[in-house]
Structure formats: C-alpha cells, structure tokens
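Visitor: The structure file data32.tsv (TSV, C-alpha atoms and all ligand atoms) is provided below.
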chain	number	residue	atom	x	y	z
N	1	MET	CA	42.71	154.23	79.68
N	2	SER	CA	45.90	153.08	78.03
N	3	LYS	CA	46.85	154.32	74.58
N	4	LYS	CA	45.16	152.80	71.50
N	5	LEU	CA	47.36	151.21	68.88
N	6	GLY	CA	46.54	152.29	65.31
N	7	VAL	CA	46.72	149.29	62.97
N	8	GLY	CA	46.76	148.96	59.18
N	9	ILE	CA	46.02	145.75	57.24
N	10	ILE	CA	47.64	145.17	53.85
N	11	GLY	CA	46.05	142.30	51.90
N	12	CYS	CA	42.43	141.57	52.83
N	13	GLY	CA	42.08	137.90	51.85
N	14	GLY	CA	41.82	134.60	53.70
N	15	ILE	CA	44.23	135.08	56.57
N	16	ALA	CA	43.32	138.73	57.21
N	17	ASN	CA	39.67	137.68	57.59
N	18	ALA	CA	40.23	134.42	59.45
N	19	LYS	CA	43.00	135.39	61.86
N	20	HIS	CA	44.14	138.99	62.03
N	21	MET	CA	40.86	140.89	62.11
N	22	PRO	CA	38.89	138.70	64.55
N	23	ASN	CA	41.76	138.58	67.01
N	24	LEU	CA	42.68	142.26	66.74
N	25	LEU	CA	39.07	143.14	67.52
N	26	LYS	CA	39.24	141.20	70.78
N	27	ILE	CA	41.79	143.66	72.12
N	28	ASP	CA	40.41	146.88	73.60
N	29	ASN	CA	43.36	149.15	73.01
N	30	VAL	CA	43.67	148.39	69.28
N	31	GLU	CA	41.95	150.19	66.45
N	32	VAL	CA	42.16	149.11	62.81
N	33	ILE	CA	42.18	152.43	60.96
N	34	GLY	CA	43.45	151.60	57.47
N	35	VAL	CA	43.03	148.68	55.08
N	36	CYS	CA	44.23	148.04	51.55
N	37	ASP	CA	43.97	145.31	48.93
N	38	LEU	CA	45.75	146.09	45.69
N	39	PHE	CA	44.27	143.47	43.38
N	40	GLN	CA	40.85	142.98	44.96
N	41	PRO	CA	39.95	146.36	46.50
N	42	GLU	CA	36.40	145.15	47.09
N	43	ARG	CA	37.86	142.83	49.73
N	44	ALA	CA	39.08	145.87	51.71
N	45	VAL	CA	35.60	147.41	51.56
N	46	GLU	CA	34.04	144.11	52.60
N	47	LEU	CA	36.47	143.76	55.53
N	48	ILE	CA	35.30	147.09	56.94
N	49	ARG	CA	31.65	146.10	56.52
N	50	LYS	CA	32.04	142.59	57.87
N	51	PHE	CA	33.92	143.61	61.01
N	52	GLY	CA	31.93	146.83	61.55
N	53	LEU	CA	35.02	149.07	61.59
N	54	LYS	CA	33.88	152.58	62.53
N	55	SER	CA	36.77	154.87	61.61
N	56	CYS	CA	38.71	152.90	59.04
N	57	SER	CA	39.86	154.16	55.61
N	58	VAL	CA	40.32	152.10	52.46
N	59	TYR	CA	43.53	152.82	50.59
N	60	GLU	CA	44.12	152.03	46.92
N	61	ASN	CA	47.70	150.99	47.53
N	62	TYR	CA	49.91	150.43	50.51
N	63	TYR	CA	52.13	153.47	49.85
N	64	GLU	CA	49.14	155.71	50.61
N	65	LEU	CA	48.27	153.68	53.71
N	66	LEU	CA	51.81	154.03	55.04
N	67	LYS	CA	51.46	157.85	54.93
N	68	ASN	CA	48.81	157.72	57.65
N	69	THR	CA	50.72	158.84	60.73
N	70	GLU	CA	48.06	157.42	63.06
N	71	ILE	CA	48.97	153.91	61.93
N	72	GLU	CA	51.78	152.50	64.06
N	73	SER	CA	51.55	148.83	63.23
N	74	ILE	CA	51.10	147.05	59.91
N	75	HIS	CA	49.86	143.51	59.31
N	76	VAL	CA	51.22	142.16	56.02
N	77	CYS	CA	48.68	139.59	54.77
N	78	THR	CA	49.60	139.42	51.08
N	79	PRO	CA	51.09	136.52	49.05
N	80	ASN	CA	54.71	135.66	49.74
N	81	GLU	CA	56.23	137.67	46.87
N	82	SER	CA	55.25	140.99	48.47
N	83	HIS	CA	56.12	140.19	52.10
N	84	ALA	CA	59.63	141.65	51.83
N	85	PRO	CA	58.93	144.81	49.78
N	86	ILE	CA	55.90	145.80	51.86
N	87	THR	CA	57.61	145.01	55.19
N	88	ILE	CA	60.74	146.94	54.25
N	89	ASP	CA	58.74	149.96	53.05
N	90	ALA	CA	56.58	149.86	56.18
N	91	LEU	CA	59.60	149.69	58.51
N	92	ASN	CA	61.25	152.55	56.62
N	93	ALA	CA	58.02	154.53	57.02
N	94	GLY	CA	58.40	154.15	60.79
N	95	LYS	CA	55.83	151.38	61.30
N	96	ASN	CA	56.13	148.16	63.28
N	97	VAL	CA	55.30	145.07	61.24
N	98	MET	CA	53.65	141.70	61.81
N	99	CYS	CA	54.22	139.82	58.55
N	100	GLU	CA	52.59	136.57	57.54
N	101	LYS	CA	54.73	133.49	57.05
N	102	PRO	CA	56.88	132.53	55.25
N	103	MET	CA	59.04	135.53	56.03
N	104	ALA	CA	60.05	136.04	52.38
N	105	MET	CA	60.73	134.37	49.04
N	106	ASN	CA	64.41	133.86	49.84
N	107	VAL	CA	67.01	134.40	52.53
N	108	GLU	CA	68.38	137.64	51.04
N	109	GLN	CA	64.96	139.26	51.32
N	110	ALA	CA	64.47	137.85	54.82
N	111	GLN	CA	67.86	139.19	55.95
N	112	THR	CA	67.08	142.65	54.52
N	113	MET	CA	63.79	142.66	56.44
N	114	ALA	CA	65.58	141.81	59.69
N	115	ASP	CA	68.34	144.36	59.00
N	116	THR	CA	65.80	147.08	58.23
N	117	ALA	CA	64.01	146.43	61.51
N	118	LYS	CA	67.31	146.75	63.34
N	119	ARG	CA	68.33	149.92	61.50
N	120	THR	CA	64.99	151.67	61.95
N	121	GLY	CA	64.55	150.51	65.55
N	122	LYS	CA	61.07	149.27	64.68
N	123	LYS	CA	59.69	145.91	65.75
N	124	LEU	CA	59.18	143.08	63.29
N	125	THR	CA	57.61	139.69	63.84
N	126	ILE	CA	56.61	136.84	61.54
N	127	CYS	CA	53.44	134.78	61.99
N	128	ALA	CA	54.83	131.50	63.31
N	129	ASN	CA	51.44	131.00	64.91
N	130	ASN	CA	51.88	127.31	65.72
N	131	ARG	CA	54.19	128.29	68.56
N	132	PHE	CA	51.15	129.66	70.39
N	133	ARG	CA	49.17	126.40	70.50
N	134	PRO	CA	48.80	124.88	73.98
N	135	ASP	CA	50.86	121.80	73.06
N	136	SER	CA	53.71	123.82	71.54
N	137	TRP	CA	53.69	126.37	74.36
N	138	TYR	CA	53.92	123.61	76.99
N	139	LEU	CA	56.54	121.65	75.08
N	140	LYS	CA	58.71	124.74	74.71
N	141	GLU	CA	58.55	125.22	78.45
N	142	ILE	CA	59.71	121.70	79.25
N	143	CYS	CA	62.43	121.88	76.59
N	144	THR	CA	63.68	125.11	78.17
N	145	GLN	CA	63.69	123.40	81.58
N	146	GLY	CA	65.87	120.66	80.08
N	147	MET	CA	63.38	117.88	80.81
N	148	LEU	CA	64.12	116.12	77.51
N	149	GLY	CA	67.89	116.54	77.92
N	150	HIS	CA	70.00	117.19	74.85
N	151	ILE	CA	67.79	116.76	71.75
N	152	TYR	CA	69.79	115.08	69.01
N	153	TYR	CA	67.02	113.98	66.65
N	154	ALA	CA	63.85	115.77	65.61
N	155	LYS	CA	61.16	115.34	63.00
N	156	ALA	CA	59.36	118.37	61.62
N	157	HIS	CA	56.01	117.23	60.22
N	158	ALA	CA	54.00	119.19	57.69
N	159	VAL	CA	52.23	116.42	55.83
N	160	ARG	CA	48.71	116.53	54.46
N	161	ARG	CA	47.27	113.56	52.56
N	162	ARG	CA	45.23	116.01	50.49
N	163	GLY	CA	45.29	119.70	51.35
N	164	VAL	CA	46.38	121.69	48.31
N	165	PRO	CA	45.42	125.33	48.91
N	166	THR	CA	43.70	126.08	45.63
N	167	TRP	CA	42.72	129.70	46.38
N	168	GLY	CA	44.92	132.74	45.82
N	169	ASN	CA	48.45	132.16	44.53
N	170	PHE	CA	49.62	129.15	46.55
N	171	MET	CA	50.26	126.89	43.53
N	172	ASN	CA	52.21	129.58	41.69
N	173	ILE	CA	56.01	129.37	41.99
N	174	GLU	CA	56.49	133.01	40.92
N	175	SER	CA	54.44	134.54	43.70
N	176	GLN	CA	55.02	131.95	46.45
N	177	GLY	CA	58.63	130.83	45.94
N	178	GLY	CA	57.66	127.17	46.45
N	179	GLY	CA	54.94	124.81	47.63
N	180	PRO	CA	54.43	122.92	50.91
N	181	MET	CA	58.08	123.13	51.93
N	182	ILE	CA	58.14	126.95	52.12
N	183	ASP	CA	54.47	127.09	53.15
N	184	SER	CA	53.65	124.61	55.92
N	185	GLY	CA	57.23	123.29	56.13
N	186	THR	CA	58.16	126.73	57.47
N	187	HIS	CA	55.79	126.22	60.43
N	188	ALA	CA	57.11	122.74	61.31
N	189	LEU	CA	60.76	123.70	60.92
N	190	ASP	CA	60.22	126.82	63.00
N	191	LEU	CA	58.76	124.67	65.78
N	192	ALA	CA	61.71	122.27	65.73
N	193	LEU	CA	64.34	125.05	65.87
N	194	TRP	CA	62.43	126.99	68.53
N	195	MET	CA	61.99	123.95	70.78
N	196	MET	CA	65.71	123.24	70.65
N	197	ASP	CA	66.67	126.93	70.60
N	198	ASN	CA	69.16	125.92	67.95
N	199	TYR	CA	69.65	128.25	64.99
N	200	GLU	CA	72.97	126.98	63.66
N	201	PRO	CA	72.56	124.69	60.64
N	202	GLN	CA	75.61	122.99	59.19
N	203	MET	CA	74.28	121.25	56.09
N	204	VAL	CA	71.08	120.17	54.36
N	205	LEU	CA	69.99	117.64	51.78
N	206	GLY	CA	66.63	118.20	50.10
N	207	LYS	CA	64.39	116.58	47.52
N	208	THR	CA	61.05	117.71	46.11
N	209	TYR	CA	58.40	116.00	43.97
N	210	ASN	CA	55.52	117.05	41.82
N	211	TYR	CA	53.64	113.91	40.83
N	212	LEU	CA	50.23	114.43	42.44
N	213	GLY	CA	50.25	118.17	41.66
N	214	LYS	CA	50.27	117.24	38.01
N	215	THR	CA	47.17	115.04	38.39
N	216	THR	CA	43.61	115.80	39.45
N	217	SER	CA	42.37	115.19	42.99
N	218	PRO	CA	38.63	115.30	43.61
N	219	ALA	CA	39.43	114.29	47.20
N	220	ASN	CA	41.14	117.62	47.87
N	221	PRO	CA	39.13	119.46	50.57
N	222	TYR	CA	39.80	122.83	48.91
N	223	GLY	CA	38.61	121.61	45.51
N	224	ASN	CA	40.39	120.42	42.42
N	225	TRP	CA	43.05	122.45	40.62
N	226	ASP	CA	44.30	123.10	37.14
N	227	ALA	CA	47.41	120.89	36.78
N	228	GLU	CA	48.80	123.31	34.18
N	229	LYS	CA	48.87	126.06	36.80
N	230	TYR	CA	50.37	123.85	39.51
N	231	THR	CA	54.00	124.99	39.31
N	232	VAL	CA	55.27	124.29	42.85
N	233	GLU	CA	56.23	120.96	44.44
N	234	ASP	CA	53.51	118.77	45.94
N	235	SER	CA	55.96	117.31	48.47
N	236	GLY	CA	59.37	118.25	49.81
N	237	PHE	CA	61.62	116.30	52.15
N	238	GLY	CA	64.85	117.27	53.77
N	239	MET	CA	67.54	116.30	56.21
N	240	ILE	CA	69.13	119.10	58.19
N	241	ILE	CA	72.26	118.58	60.25
N	242	MET	CA	72.92	121.24	62.84
N	243	LYS	CA	76.41	122.36	63.92
N	244	ASN	CA	75.97	120.60	67.28
N	245	GLY	CA	75.31	117.33	65.45
N	246	THR	CA	71.52	117.29	65.84
N	247	THR	CA	69.56	115.90	62.89
N	248	ILE	CA	66.18	117.24	61.82
N	249	ASN	CA	64.08	115.44	59.22
N	250	LEU	CA	61.56	117.70	57.54
N	251	GLU	CA	58.57	116.16	55.77
N	252	SER	CA	56.22	118.48	53.94
N	253	SER	CA	53.39	117.76	51.57
N	254	TRP	CA	50.05	119.03	50.33
N	255	ALA	CA	49.22	115.71	48.66
N	256	LEU	CA	50.84	112.44	49.62
N	257	ASN	CA	49.63	108.86	49.72
N	258	ILE	CA	50.27	108.28	53.39
N	259	ILE	CA	48.00	107.53	56.35
N	260	ASP	CA	50.09	109.24	59.01
N	261	GLU	CA	49.02	112.83	58.36
N	262	LYS	CA	50.58	115.46	60.65
N	263	THR	CA	50.77	119.18	60.09
N	264	ALA	CA	52.87	121.72	61.95
N	265	LYS	CA	54.00	119.21	64.55
N	266	VAL	CA	57.32	118.01	65.87
N	267	THR	CA	58.75	114.83	67.31
N	268	LEU	CA	61.70	115.45	69.61
N	269	CYS	CA	64.14	112.80	70.81
N	270	GLY	CA	66.32	113.83	73.73
N	271	ILE	CA	68.74	111.90	75.92
N	272	LYS	CA	66.44	112.04	78.96
N	273	ALA	CA	63.04	111.81	77.19
N	274	GLY	CA	61.19	112.26	73.94
N	275	ALA	CA	58.07	114.17	72.91
N	276	ASP	CA	55.38	113.49	70.33
N	277	MET	CA	52.48	115.68	69.28
N	278	ASP	CA	50.16	112.81	68.25
N	279	ASN	CA	46.77	113.15	69.95
N	280	GLY	CA	47.93	116.10	71.99
N	281	LEU	CA	51.30	115.88	73.66
N	282	THR	CA	52.98	112.74	74.95
N	283	ILE	CA	56.32	112.52	76.70
N	284	ASN	CA	58.10	109.16	76.56
N	285	GLY	CA	61.16	107.65	78.16
N	286	GLU	CA	62.37	105.01	80.54
N	287	MET	CA	61.68	104.89	84.27
N	288	ASN	CA	62.63	102.17	86.77
N	289	GLY	CA	63.46	99.70	84.02
N	290	ARG	CA	60.24	100.22	82.09
N	291	LEU	CA	59.32	102.46	79.19
N	292	TYR	CA	56.69	105.08	79.92
N	293	GLU	CA	54.36	107.34	77.97
N	294	GLN	CA	52.98	110.32	79.81
N	295	LYS	CA	50.07	112.19	78.22
N	296	ILE	CA	49.90	115.85	79.12
N	297	ILE	CA	46.39	117.13	79.80
N	298	LEU	CA	46.45	120.40	77.91
N	299	GLU	CA	43.02	121.62	78.95
N	300	PRO	CA	43.19	123.77	82.09
N	301	GLN	CA	41.64	122.42	85.28
N	302	LYS	CA	38.18	123.87	85.71
N	303	ILE	CA	37.02	125.28	89.04
N	304	PRO	CA	33.22	125.53	89.40
N	305	PHE	CA	31.97	129.13	88.95
N	306	TYR	CA	35.50	130.39	88.33
N	307	GLY	CA	36.26	128.86	84.92
N	308	THR	CA	39.93	129.33	84.13
N	309	GLN	CA	40.25	131.52	81.07
N	310	GLU	CA	43.37	130.56	79.14
N	311	ILE	CA	44.13	132.08	75.79
N	312	PHE	CA	46.08	130.19	73.16
N	313	GLY	CA	46.44	130.06	69.39
N	314	PRO	CA	46.19	133.08	67.10
N	315	GLU	CA	44.56	135.16	69.84
N	316	LEU	CA	47.61	134.69	72.07
N	317	GLU	CA	49.90	135.40	69.09
N	318	ILE	CA	48.21	138.72	68.32
N	319	ARG	CA	47.77	139.71	71.98
N	320	LEU	CA	51.48	139.16	72.73
N	321	TRP	CA	52.44	141.13	69.61
N	322	VAL	CA	50.27	144.08	70.65
N	323	ASP	CA	51.66	143.81	74.18
N	324	ALA	CA	55.22	143.89	72.77
N	325	LEU	CA	54.38	147.11	70.92
N	326	LEU	CA	52.51	148.88	73.69
N	327	ASN	CA	54.92	147.87	76.42
N	328	ASP	CA	58.16	147.81	74.44
N	329	LYS	CA	58.87	144.07	74.81
N	330	GLU	CA	60.68	141.69	72.48
N	331	PRO	CA	58.30	139.79	70.20
N	332	VAL	CA	58.08	136.02	70.78
N	333	VAL	CA	58.92	135.33	67.12
N	334	LYS	CA	62.16	137.14	66.42
N	335	PRO	CA	63.13	138.10	62.86
N	336	GLU	CA	66.61	136.58	63.15
N	337	GLN	CA	65.08	133.20	64.03
N	338	MET	CA	62.90	133.28	60.94
N	339	VAL	CA	65.87	134.28	58.77
N	340	VAL	CA	67.42	130.93	59.73
N	341	VAL	CA	64.20	129.13	58.78
N	342	ALA	CA	64.30	130.90	55.39
N	343	LYS	CA	67.99	130.03	55.01
N	344	ILE	CA	67.36	126.32	55.58
N	345	ILE	CA	64.29	126.16	53.31
N	346	GLN	CA	66.15	127.92	50.51
N	347	ALA	CA	69.11	125.56	50.88
N	348	LEU	CA	66.77	122.55	50.71
N	349	TYR	CA	65.41	123.82	47.37
N	350	GLU	CA	68.96	124.47	46.15
N	351	SER	CA	70.01	120.99	47.19
N	352	ASP	CA	67.07	119.54	45.25
N	353	ILE	CA	68.04	121.43	42.09
N	354	SER	CA	71.74	120.70	42.35
N	355	ASN	CA	71.32	117.12	43.60
N	356	LYS	CA	73.96	117.90	46.19
N	357	PRO	CA	74.07	118.59	49.92
N	358	ILE	CA	74.41	122.28	50.77
N	359	TYR	CA	76.92	123.26	53.45
N	360	PHE	CA	76.69	126.53	55.37
N	361	GLU	CA	79.76	128.59	56.23
N	401	LIG	N1	49.93	131.72	59.43
N	401	LIG	C1	49.27	130.79	58.75
N	401	LIG	O1	49.10	129.67	59.21
N	401	LIG	C2	48.77	131.16	57.39
N	401	LIG	C3	47.61	130.57	56.87
N	401	LIG	C4	47.16	130.99	55.62
N	401	LIG	C5	47.88	131.92	54.89
N	401	LIG	N2	49.04	132.44	55.40
N	401	LIG	C6	49.86	133.38	54.64
N	401	LIG	O2	49.14	134.58	54.42
N	401	LIG	C7	49.47	135.13	53.15
N	401	LIG	C8	48.18	135.41	52.40
N	401	LIG	O3	47.43	134.22	52.27
N	401	LIG	P1	45.84	134.26	52.05
N	401	LIG	O4	45.36	132.89	52.17
N	401	LIG	O5	45.23	135.32	52.89
N	401	LIG	O6	45.80	134.71	50.50
N	401	LIG	P2	44.64	135.41	49.72
N	401	LIG	O7	44.96	135.24	48.28
N	401	LIG	O8	43.32	134.94	50.23
N	401	LIG	O9	44.75	136.97	50.11
N	401	LIG	C9	45.83	137.79	49.75
N	401	LIG	C10	45.30	139.18	49.38
N	401	LIG	O10	46.39	140.07	49.22
N	401	LIG	C11	46.08	140.96	48.15
N	401	LIG	N3	47.34	141.53	47.66
N	401	LIG	C12	48.27	140.93	46.88
N	401	LIG	N4	49.32	141.76	46.69
N	401	LIG	C13	49.05	142.91	47.35
N	401	LIG	C14	49.74	144.13	47.52
N	401	LIG	N5	50.93	144.34	46.97
N	401	LIG	N6	49.16	145.10	48.27
N	401	LIG	C15	47.95	144.91	48.85
N	401	LIG	N7	47.22	143.78	48.70
N	401	LIG	C16	47.78	142.77	47.97
N	401	LIG	C17	45.37	140.08	47.15
N	401	LIG	O11	44.59	140.86	46.26
N	401	LIG	C18	44.52	139.18	48.05
N	401	LIG	O12	43.22	139.69	48.27
N	401	LIG	C19	50.39	134.12	52.46
N	401	LIG	O13	51.72	134.54	52.55
N	401	LIG	C20	50.21	132.84	53.26
N	401	LIG	O14	51.37	132.04	53.33
N	401	LIG	C21	49.47	132.08	56.63
Show how you would write the structure in this file as structure tokens.

Guide:
Amino acid sequence: MSKKLGVGIIGCGGIANAKHMPNLLKIDNVEVIGVCDLFQPERAVELIRKFGLKSCSVYENYYELLKNTEIESIHVCTPNESHAPITIDALNAGKNVMCEKPMAMNVEQAQTMADTAKRTGKKLTICANNRFRPDSWYLKEICTQGMLGHIYYAKAHAVRRRGVPTWGNFMNIESQGGGPMIDSGTHALDLALWMMDNYEPQMVLGKTYNYLGKTTSPANPYGNWDAEKYTVEDSGFGMIIMKNGTTINLESSWALNIIDEKTAKVTLCGIKAGADMDNGLTINGEMNGRLYEQKIILEPQKIPFYGTQEIFGPELEIRLWVDALLNDKEPVVKPEQMVVVAKIIQALYESDISNKPIYFE
C-alpha cells in the first residue's frame, strides 16, 4: 500500500466541516491526525466525533500542532487575518500547506507566503476551488487549445442579490480585509486570469459601496445582521486593464438589487468565439454567416452497467492536492498566481479610497 499522508486541520468551522474533512476522508492514503481551533476548541472535539477520526489529537493552538512530526500537510481553515501567519509558520515548520482563499489580507502577506514556500521547498496551494467545477475545467481546456482565440474582454462575476455571510467574521474589516470583493471576487477574478493564463495587470480602477450593508435584510438566506457590525463593503466593482490590453470587469456583491445573479463565473470574449457560464457553459460565435450558440453537455455520457465516474468540485481539488504531495507534482493552483489576484484586489481597494486609478510598475 502506498504511504499515508498525515494531515492537520487548523480552524474547525464551516469550511473545514463542509469541504476539507468530507473530501479528505474519501481518499484512502490520507489520515487526519491533528486538529485545532483556537477560539472555539469545542469545534475541534466535535470534528473528531462527527467524522469518526480514530487516531486524531486535539491541539490547543497551532504551534503545538505544528510540532507533530507525523503531520506533513496542513489545511488552513481560519478567517483571513490568520491565513498568512499560520501558513508561514507551517511552511517554516516543514509542512506543506493548503490555505483557504483569499490567500491573505494584502499582497505583502501573500508574497511572503509564496516566498516562504519557495525558500523552504514546501508546497503551497490556495483554495481556488471554482477552477475544479466541470464548466471551469472544460472551459480552461478549450481556452488552452486556443478555441476562443485571443481573449480581449472578460467579465468576472461574483454577484449575489442577497447572500451576506453572517456567521464567523465575514462582515468584519479587521479580520477579513474586505467584503465581497476580497471574498467571492477573489474566486471570479482567479477564474478570469486562469482562463486567459494572463497574470500581468497594468492598471485598475475600483469602487466599493456599503448601502445595503447598513440596512436590514430579512431576505438574506443566512439571516439578518447587525448593521453596526457590518464594516466591509456590500458591493465592489472594478475595471482591470492587463498589459496585453485585455480588459476585465469585476462585479462583486453580497447584496445588490439586480436580477442577474452570478457567482464565481466568467464571461470571456475572444476573437474566434466567446464563452458564458449561464445555465452551464455556452460557446458563441459566428459560423457561415450566422451567429451560433453551442451548449456544452457537461454531464458525462452514461454507458449502461458501466456508469462513468467523473470527479469534480472540491473532491477533485483535494484529490489533486494530495496527489501533488504524494507524487511530487505541481499544484493546480500556484501561489504566484494567487499573489497576482491579491495584488489586483488590493489595488482595487486602494483605487476606491484614493479615487484614482492604480498603475502597476
Ligand atoms: N473556498 C471557498 O469557497 C470558501 C467558502 C467558505 C469559506 N472560505 C474561507 O474559509 C475561511 C474560514 O471560513 P469559515 O466559514 O470556515 O469560518 P468559520 O468562522 O466558520 O470558522 C473559522 C474557525 O477558525 C477558528 N480560528 C480562528 N483563528 C484561529 C487560529 N489562529 N487558530 C486556530 N483556529 C482559529 C475559529 O475559532 C473558527 O472556529 C475564510 O478565510 C473563508 O474565506 C472559503
């Protein structure tokens, strides 16, 4: 049997329970052997109980967890403010790290994380999990094959009509670094850059709003919030011009009066064809003097008795990460790519504050 990978989880809240644990447990050669939750230690105890972990220890703080030499890989599932310190300490302790998105609170932290991974020779990835959806995975493939031609305009959508995450620290500027723009905007922007394989921004112009955050919203699926404690933006919009002339429009919101709701999706406009992620994935263009729209069937073709088993989503994300560690491969989501995402998001916030476009060197 191949070697088992010893895993430690830091932060035992929503995402650790919903994504990391269930998908780690689907992989035979992985064992979660240490968990820690600094502010709600009962969550670490509950995680062990809920997932029936046999030989897993609860640690009071992550420094103690990092001393366990059996743990080779750390999953950082804490609020944004501690992504960088925990990741850097874990890498320096000789661990590989999968860190939740956004990479960090700012680009300096993100760069230090990437540099530390390089210096220590350890692997680091960030949870840009929307890349692993069937529509994104397919679209990336056709972009790589050049089927859309040169992409000169893209929209990065991260818009919810009502979807303010009212649990944890999401509405708190101090611990999150921002609202929807750094939160779900990170996902959409990551998709746009990855599809185009373009990580060279030239300038950005950003604007944020906090009108609905300062009101009440009984329609919010995650429940109402205390407007006094809502200190991040409720919406953030930005225009990003890349060095090759491509324009990306980023729309992000947790509460916006709009019907066209789209989260973690992209629209790509290339010279040969375009792509939209409405109702799955549709490619559009012109053929023989007529416009066409071609819907991609994303479900695999089923053969009776031999059902095709395709894995996508968070399971694929975690499986490929484990595979990268056990078989010494490059992770799909590379730290240097996410540093650029952090750089653009930070510049959009700076542009908002200064009321000026921000130019990169
Ligand atoms: N990839 C995605 O699509 C996705 C979805 C949801 C959340 N997230 C990200 O996951 C992170 C956590 O979100 P969540 O919804 O699980 O939050 P949460 O509040 O439910 O859980 C976070 C947990 O971390 C613990 N914690 C805080 N600081 C700690 C520290 N220094 N050491 C150990 N434990 C600590 C808290 O006590 C809490 O239990 C955020 O950065 C968020 O952006 C990503």

Visitor: Would you please work out which residue, of N:Leu291, N:Ile48, N:Leu53, N:Ile10, is nearest to Thr87 (chain N) when using all atoms listed in the file?

Guide: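 Counting all atoms listed in the file, the residue closest to Thr87 (chain N) is N:Ile10.
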
Visitor: What does the list of residues within 8 Å of ligand LIG 401 (chain N) look like if you count all atoms listed in the file, written as JSON, numbers by chain?

Guide: {"N": [10, 11, 12, 13, 14, 15, 16, 17, 36, 37, 38, 39, 40, 41, 43, 61, 62, 76, 77, 78, 79, 80, 81, 82, 83, 86, 100, 101, 102, 127, 128, 129, 130, 167, 168, 169, 170, 176, 183, 184, 187]}

Visitor: Around the point (42.3, 154.9, 62.7) (coordinates from the file), which residues reach within 7 Å if we count only C-alpha atoms? Answer as a short mmCIF file (atom, residue, chain, number, x, y, z; two decimals) with C-alpha atoms, in the coordinates of the input.

Guide:
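New file result.cif:
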data_model
loop_
_atom_site.label_atom_id
_atom_site.label_comp_id
_atom_site.auth_asym_id
_atom_site.auth_seq_id
_atom_site.Cartn_x
_atom_site.Cartn_y
_atom_site.Cartn_z
CA GLY N 6 46.54 152.29 65.31
CA GLU N 31 41.95 150.19 66.45
CA VAL N 32 42.16 149.11 62.81
CA ILE N 33 42.18 152.43 60.96
CA GLY N 34 43.45 151.60 57.47
CA SER N 55 36.77 154.87 61.61
CA CYS N 56 38.71 152.90 59.04
CA GLU N 70 48.06 157.42 63.06
CA ILE N 71 48.97 153.91 61.93
#

Visitor: Name the closest residue to Lys67 (chain N) among the candidates N:Thr215, N:Asn29, N:Asn92, N:Thr125; distances are taken between atoms, counting all atoms listed in the file.

Guide: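 The shortest atom-to-atom distance to Lys67 (chain N) comes from N:Asn92.
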
Visitor: Quick one: residues within 7 Å of Lys95 (chain N), all atoms listed in the file counted, chain neighbours fewer than 6 positions away excluded, as a list of chain:residue names?

Guide: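 Counting all atoms listed in the file, the residues come to N:Glu72, N:Ser73, N:Ile74, N:Lys122.
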
Visitor: Work out how far CA of Asp197 (chain N) is from CA of Lys140 (chain N), in Å to one decimal.

Guide: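 So the answer is 9.2 Å.
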
Visitor: Using all atoms listed in the file, which of N:Pro357, N:Gly8, N:Gly149, N:Gly206 sits nearest Asn96 (chain N)?

Guide: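 Nearest candidate to Asn96 (chain N) out of N:Pro357, N:Gly8, N:Gly149, N:Gly206: N:Gly8.
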
Visitor: Pick out the residues sitting within 8 Å of Leu191 (chain N), and hand them over as a ChimeraX atom specification; count only C-alpha atoms, and ignore anything fewer than 4 positions along from it in its own chain.

Guide: /N:130-131,136,156,187,195,264-266

Visitor: Any idea what's packed within 8 Å of region 268-276 of chain N, counting all atoms listed in the file, ignoring anything in its chain fewer than 6 positions away? Could you give it as a ChimeraX atom specification?

Guide: /N:139,147-155,192,282-286

Visitor: Is it possible to get the axis-aligned box enclosing region 140-148 of chain N (all listed atoms, 6 Å extra per side) as JSON, with centre and edge lengths in Å rounded to one decimal?

Guide:
{"center_x": 62.2, "center_y": 120.7, "center_z": 78.1, "size_x": 19.3, "size_y": 21.1, "size_z": 18.9}

Visitor: For a test of reading the model, state the distance in Å between CA of Ala84 (chain N) and CA of Asn106 (chain N), rounded to one decimal.

Guide: 9.4 Å

Visitor: Please list as a PyMOL selection string every residue within 8 Å of region 231-243 of chain N, counting only C-alpha atoms and excluding residues in the same chain fewer than 3 positions away.

Guide: chain N and resi 171-173+177-181+198+200-213+228+246-256+344+348

Visitor: With C-alpha atoms kept, could you save the residues just selected as a compact mmCIF listing (two decimals), in the frame of the given file?

Guide:
# COMPACT_ATOMS: atom_id res chain seq x y z
CA MET N 171 50.26 126.89 43.53
CA ASN N 172 52.21 129.58 41.69
CA ILE N 173 56.01 129.37 41.99
CA GLY N 177 58.63 130.83 45.94
CA GLY N 178 57.66 127.17 46.45
CA GLY N 179 54.94 124.81 47.63
CA PRO N 180 54.43 122.92 50.91
CA MET N 181 58.08 123.13 51.93
CA ASN N 198 69.16 125.92 67.95
CA GLU N 200 72.97 126.98 63.66
CA PRO N 201 72.56 124.69 60.64
CA GLN N 202 75.61 122.99 59.19
CA MET N 203 74.28 121.25 56.09
CA VAL N 204 71.08 120.17 54.36
CA LEU N 205 69.99 117.64 51.78
CA GLY N 206 66.63 118.20 50.10
CA LYS N 207 64.39 116.58 47.52
CA THR N 208 61.05 117.71 46.11
CA TYR N 209 58.40 116.00 43.97
CA ASN N 210 55.52 117.05 41.82
CA TYR N 211 53.64 113.91 40.83
CA LEU N 212 50.23 114.43 42.44
CA GLY N 213 50.25 118.17 41.66
CA GLU N 228 48.80 123.31 34.18
CA THR N 246 71.52 117.29 65.84
CA THR N 247 69.56 115.90 62.89
CA ILE N 248 66.18 117.24 61.82
CA ASN N 249 64.08 115.44 59.22
CA LEU N 250 61.56 117.70 57.54
CA GLU N 251 58.57 116.16 55.77
CA SER N 252 56.22 118.48 53.94
CA SER N 253 53.39 117.76 51.57
CA TRP N 254 50.05 119.03 50.33
CA ALA N 255 49.22 115.71 48.66
CA LEU N 256 50.84 112.44 49.62
CA ILE N 344 67.36 126.32 55.58
CA LEU N 348 66.77 122.55 50.71

Visitor: What gap, in Å, lies between CA of Leu5 (chain N) and CA of Phe51 (chain N)?

Guide: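 If I compute the distance from CA of Leu5 (chain N) to CA of Phe51 (chain N), I get 17.3 Å.
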
Visitor: Which one is closest to Ile88 (chain N): N:Leu124, N:Ala324, N:Val332, N:Ile142? Count all atoms listed in the file.

Guide: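 Closest to Ile88 (chain N) of all the choices is N:Leu124.
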